[in-house]
Structure formats: structure tokens, C-alpha cells
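J.: Take this structure, written in C-alpha cells, and hold onto it; I'll ask about it next.
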Amino acid sequence: MNQEQVARRLLRSSADRSYDPQVDIDWCAPRDEDKLYFSTHRLPLYGTPLWDSLSPAQRNEVARQEAITLASVVIHAE
């Protein structure tokens with residue numbers, strides 16, 4: 001197998017395993033406002049008096065912000 005064939009094989013393998021949000025996410029789909037973005041028991045505020053005082057909408061927003069923060073850290077580290 002020559003170098004060009006190896007390079008093509010490696011590029012094809014890499015493309016098969018990659019994730020492209022421009023292609024893999026339906027950005028036109030409506031967002032489900034009631035769906036949690038993160039498991040609540042994994043959130044730093046979960047089980048605290050502050051968490052207990054939040055409304056369901058506020059809890060959802062906290063979960064959304066945590067998911068965004070985690071994603072940005074992972075993207076930056078990548």
C-alpha cells in the first residue's frame with residue numbers, strides 16, 4: 001500500500017468518526033423548552049436550598065447554562 005492510499009484510508013476513517021454540527025444537528029427543529037439539558041443530579045446547585053427555591057423554568061435555565069459551559073470547555077480543550 002503506497003502513501004497516498006494510506007492517507008486516503010486515514011482521511012476516510014477520520015471523516016467517518018468526526019462530528020460536524022453543521023451537518024449532524026437539525027438547526028431548524030423547534031427547541032423543546034421543557035426538556036432538560038443536563039441530568040439534574042449532576043448540576044452543582046442540585047440539592048441546595050438555592051436549587052429548591054428555583055422554579056422549573058429557572059432550573060431548566062441553570063441546566064442549559066451548565067451544558068453550554070461544559071461544551072465550551074470541551075471545545076476549547078479539543
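In the C-alpha cells, chains take the letters A, B, ... in the order shown, each chain's residues start at 1, and ligands count up from 1 in the order shown.
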Residues at most 8 Å from Tyr37 in chain A, counting only C-alpha atoms, excluding those fewer than 2 positions away in the same chain, as a ChimeraX atom specification?

T.: /A:35,39,60,63-64,67

J.: Can you write out the residues you just picked, keeping all heavy atoms, as a CSV table (one decimal), in the first residue's frame?

T.:
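Okay, this is what ended up in selection.csv:
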```csv
chain,number,residue,atom,x,y,z
A,35,LYS,N,-37.5,20.2,28.0
A,35,LYS,CA,-36.5,19.2,28.0
A,35,LYS,C,-35.3,19.7,28.8
A,35,LYS,O,-34.8,20.8,28.5
A,35,LYS,CB,-36.1,18.8,26.6
A,35,LYS,CG,-35.2,17.6,26.6
A,35,LYS,CD,-35.0,17.2,25.2
A,35,LYS,CE,-34.1,15.9,25.2
A,35,LYS,NZ,-33.9,15.4,23.8
A,39,SER,N,-28.6,16.2,33.3
A,39,SER,CA,-29.2,15.5,34.4
A,39,SER,C,-29.2,16.3,35.7
A,39,SER,O,-28.1,16.8,36.0
A,39,SER,CB,-28.5,14.1,34.7
A,39,SER,OG,-28.6,13.3,33.5
A,60,ASN,N,-34.3,24.7,34.6
A,60,ASN,CA,-34.0,24.4,33.2
A,60,ASN,C,-33.0,25.3,32.6
A,60,ASN,O,-32.0,24.9,31.9
A,60,ASN,CB,-35.3,24.4,32.3
A,60,ASN,CG,-35.1,23.8,31.0
A,60,ASN,OD1,-34.1,23.1,30.7
A,60,ASN,ND2,-36.1,23.9,30.1
A,63,ALA,N,-29.6,24.4,34.0
A,63,ALA,CA,-29.1,23.2,33.3
A,63,ALA,C,-28.6,23.5,31.9
A,63,ALA,O,-27.6,23.0,31.5
A,63,ALA,CB,-30.2,22.1,33.2
A,64,ARG,N,-29.3,24.4,31.2
A,64,ARG,CA,-28.9,24.9,29.9
A,64,ARG,C,-27.5,25.6,30.0
A,64,ARG,O,-26.6,25.3,29.2
A,64,ARG,CB,-29.9,25.8,29.3
A,64,ARG,CG,-29.7,26.2,27.9
A,64,ARG,CD,-30.8,27.0,27.3
A,64,ARG,NE,-30.7,28.4,27.7
A,64,ARG,CZ,-30.0,29.3,27.1
A,64,ARG,NH1,-29.2,29.0,26.1
A,64,ARG,NH2,-30.0,30.5,27.6
A,67,ALA,N,-24.7,23.1,30.6
A,67,ALA,CA,-24.4,22.4,29.3
A,67,ALA,C,-23.6,23.2,28.4
A,67,ALA,O,-22.6,22.7,27.8
A,67,ALA,CB,-25.7,21.9,28.6
```

J.: Give me, please, the distance in Å between CA of Asp34 in chain A and CA of His76 in chain A, quoted to one decimal.

T.: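 One can read the CA of Asp34 in chain A to CA of His76 in chain A distance as 28.4 Å.
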
J.: Please report the interatomic distance between CA of Leu45 in chain A and CA of Val73 in chain A in Å with one decimal.

T.: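 CA of Leu45 in chain A sits 19.0 Å away from CA of Val73 in chain A.
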
J.: Please extract the residues of chain A with a backbone DSSP assignment of alpha helix (DSSP H) and present them as an MDAnalysis selection string.

T.: chainID A and resid 3:17 21:24 49:53 56:77

J.: Just the number, please: distance in Å from CA of Glu61 in chain A to CA of Asp26 in chain A, one decimal.

T.: 21.3 Å
